[in-house]
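Take a look at the structure below.
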Amino acid sequence: MEVTGNLKTAREMGLVACTECMRVSPRGTASCPRCGHTLRSRDPYSLQKVWAWWLVGLGCYIPANLYPMLETKTLVSSQSDTIVGGAVELAHGGNWGVATIILIASVLIPVAKFVVLAGLAIGVWYGPRATQGRRHVLYEIVEYIGRWSMIDVFVVAILSSLVQLQTIATITPGRASLFFALSVIFTMLSAQSFDSRLIWDTNSAGMAPDRAGRIPGRRRTLARGN
Amino acid sequence: MAERQIAETMGAGGNEPRAPGAGDELHQLGAELIACPTCDLVYRVPQVASYERAVCARCHTVLISPRRKAGKQLIALSLTVLILIVAACTFPFLSIGAAGVHHDASILQTALTFSGNLTLLSLAVLFFIVVIPALRLSLLIYVLAPIIRDKPPAPLARQAFAVSEALVPWSMAEIFAIGCAVALVKLSDMADVVYGPAAWMFAILVVLVVATDRLMCRYSIWKSLET
């Protein structure tokens, strides 16, 4: 990346940027004169919010895996499948492709989201292990992919509203679907609460004492916005 | 598509960033500077031609991506999607047949399939796939309609656009459409599934939603809402 030397952040210039419309205002302005968005140089509660949503999200993800996602009744059998159980079932039936896709979409990606979000937050708190560019890419991925996890819930909705074939086969949604949806919603909120500008701060501004004169060390308290 | 990094902006023409605290001057400066919303780097607002994109030099976030006639196209797309969503709620969606037994499901039935303990989820699904997308696009049309006719912004246009932007991540119609495809793959070897018009409407919707996102230039819209 060839960033020329004299590029500065709004914070370094004593300005505060609007994340909604990109206008910059002098530090201390309460709301953006262009779009009315509340102005904060950095969200001082960003990490607290990230962790709060993260914990609730994780709390919901556990029952989402323990309870059945789908309950299938056919002429001869009746079974309820958890997310992993359903995938294992498919794999046993020789349907390896679909099983892998389900495992990736409903297990690997949600778990990866939790890990990445925690990693980003810890990186801001204790000093990062990865480069800014890499952390930024991870943040973008989590931001982007979050809402797509809702696809599982939609699939359950479609299957259970469609497969109502009296005695031949009926599918009803299991309790896990609610917890899975909640888990997706909470991780989305967690990702949204993360102030991405913190990724770029730790190296550039973090090395020098900030405006309040504090020298950042481990577990530096973030200077209040405005 | 021309992509341009705008790293040359700050301080390039001898215009060094002024010292903080120079009140009025800074206020004026605010109109000609922008900061990347993702990484906070400040740029002098570049001249970006239609179909060009100004990209942050550090984090590659697209800052400005103006298109000629984007407003009109956005309204056209939004209206189309809005009509598709409303129509999809009334037309047959999917029907299934196996061993002589048939069952139809509409979009609304699908959304409201969670009952008992899960009623809350029904409401959420209905909001994600119908209510929020429709609301978001209606707000967008409300905001853009006066702008494309060079009229002053509609009352509360700023608030309307802010709400519309906040709803974007929660508007999941296109995700639902992909969900249909996944569900049908799962069912295909067990039963015959017939696609109703509503299913095709949702399929078209995916493309249109992506097109809408590509056309949107938040900066240009906020700029035109500034009076």
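All residue names refer to the structure tokens as shown: chains lettered A, B, ... in order, residues numbered from 1 in each chain, ligands numbered from 1 in order.
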
Using only C-alpha atoms, tabulate the residues of region 117-206 of chain B lying at most 9 Å from any atom of region 177-196 of chain A, each with its closest atom pair and that distance in Å to one decimal, by chain and increasing residue number, as a Markdown table.
| residue | atom | partner | partner_atom | distance |
| --- | --- | --- | --- | --- |
| B:Asn117 | CA | A:Leu178 | CA | 8.8 |
| B:Leu118 | CA | A:Leu178 | CA | 6.3 |
| B:Leu120 | CA | A:Leu178 | CA | 8.1 |
| B:Leu121 | CA | A:Leu178 | CA | 6.0 |
| B:Ala124 | CA | A:Ala181 | CA | 8.9 |
| B:Pro169 | CA | A:Met188 | CA | 8.6 |

Residues from last step as file, N, CA and C atoms, as a compact mmCIF listing (two decimals), in the first residue's frame:
# COMPACT_ATOMS: atom_id res chain seq x y z
N ASN B 117 -43.98 -21.59 20.96
CA ASN B 117 -42.85 -20.91 21.60
C ASN B 117 -42.09 -20.02 20.62
N LEU B 118 -42.25 -20.31 19.34
CA LEU B 118 -41.40 -19.66 18.35
C LEU B 118 -42.09 -18.51 17.63
N LEU B 120 -42.34 -15.46 18.15
CA LEU B 120 -41.47 -14.29 18.02
C LEU B 120 -40.63 -14.38 16.74
N LEU B 121 -40.19 -15.60 16.45
CA LEU B 121 -39.35 -15.81 15.28
C LEU B 121 -40.13 -15.56 13.98
N ALA B 124 -40.10 -11.97 13.43
CA ALA B 124 -38.78 -11.52 12.99
C ALA B 124 -38.59 -11.85 11.51
N PRO B 169 -28.56 -3.53 6.78
CA PRO B 169 -28.14 -4.87 7.17
C PRO B 169 -29.29 -5.79 7.57

Leu63 (chain B): which residues within 8 Å, counting only C-alpha atoms, same-chain residues fewer than 6 positions away excluded, as a PyMOL selection string? chain B and resi 36+53-56+219

Members of region 33-198 of chain A assigned strand (DSSP E or B) by DSSP, as an NGL selection string: :A and (38 or 70-74 or 78-81 or 164-165 or 169-173)

Using only C-alpha atoms, find the residues of chain A whose closest atom to chain B is at most 8 Å away, then write them as JSON, numbers by chain. {"A": [1, 2, 3, 4, 6, 7, 8, 9, 10, 11, 13, 14, 15, 17, 18, 19, 20, 21, 22, 23, 24, 25, 26, 34, 35, 36, 133, 136, 147, 148, 150, 151, 152, 154, 155, 156, 157, 158, 159, 160, 161, 162, 163, 164, 165, 166, 168, 173, 175, 178, 181, 196, 197, 198, 199, 200]}

Skipping near chain neighbours, those fewer than 2 positions away, what residues fall within 9 Å of Leu205 (chain B) using only C-alpha atoms, listed as a list in words?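 Near Leu205 (chain B), the qualifying residues are Thr80, Val81, Leu84, Ile85, Ala173, Glu174, Ala177, Trp200, Met201, Phe202, Ala203, Val207, Leu208, Val209 and Val210 of chain B.
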
Please write the residues from the selection above to a file, keeping C-alpha atoms, as a PDB file, in the first residue's frame.
ATOM      1  CA  THR B  80     -39.480  -2.625  -9.026  1.00  0.00           C
ATOM      2  CA  VAL B  81     -38.271  -4.411  -5.917  1.00  0.00           C
ATOM      3  CA  LEU B  84     -42.003  -7.588  -6.521  1.00  0.00           C
ATOM      4  CA  ILE B  85     -42.126  -7.904  -2.728  1.00  0.00           C
ATOM      5  CA  ALA B 173     -35.029 -10.430   1.139  1.00  0.00           C
ATOM      6  CA  GLU B 174     -32.101 -11.541  -1.017  1.00  0.00           C
ATOM      7  CA  ALA B 177     -34.172 -15.979  -1.925  1.00  0.00           C
ATOM      8  CA  TRP B 200     -39.272 -16.371  -9.455  1.00  0.00           C
ATOM      9  CA  MET B 201     -39.947 -12.878  -8.179  1.00  0.00           C
ATOM     10  CA  PHE B 202     -37.625 -13.475  -5.260  1.00  0.00           C
ATOM     11  CA  ALA B 203     -35.001 -14.836  -7.645  1.00  0.00           C
ATOM     12  CA  VAL B 207     -30.107  -9.376  -8.820  1.00  0.00           C
ATOM     13  CA  LEU B 208     -31.981  -6.116  -8.321  1.00  0.00           C
ATOM     14  CA  VAL B 209     -30.890  -5.747  -4.696  1.00  0.00           C
ATOM     15  CA  VAL B 210     -27.258  -6.228  -5.681  1.00  0.00           C
TER      16      VAL B 210
END

Please run DSSP on the backbone and report, as number ranges by chain, all residues within region 74-154 of chain B that come out as alpha helix (DSSP H). B: 74-90, 107-111, 119-126, 132-148

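CA of Asp213 (chain B) is positioned 21.8 Å from CA of Gln47 (chain B).
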
What separation in Å, quoted to one decimal, exists between CA of Leu156 (chain B) and CA of Val143 (chain B)?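 Calculated distance between CA of Leu156 (chain B) and CA of Val143 (chain B) is 8.7 Å.
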
Can you work out the spacing between CA of Met69 (chain A) and CA of Gly174 (chain A) in Å, to one decimal?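 CA of Gly174 (chain A) lies at a distance of 4.5 Å from CA of Met69 (chain A).
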
Rank nothing, just name the residue among B:Ser50, B:Thr212, B:Thr90, B:Ser188 nearest to Val168 (chain B), using only C-alpha atoms. B:Thr212

Can you tell me which residues surround Leu135 (chain B) at a distance of at most 10 Å, considering only C-alpha atoms, apart from same-chain residues fewer than 2 positions away, and format the answer as JSON, numbers by chain? {"B": [82, 127, 130, 131, 132, 133, 137, 138, 139, 140, 141, 163, 164, 167, 171]}
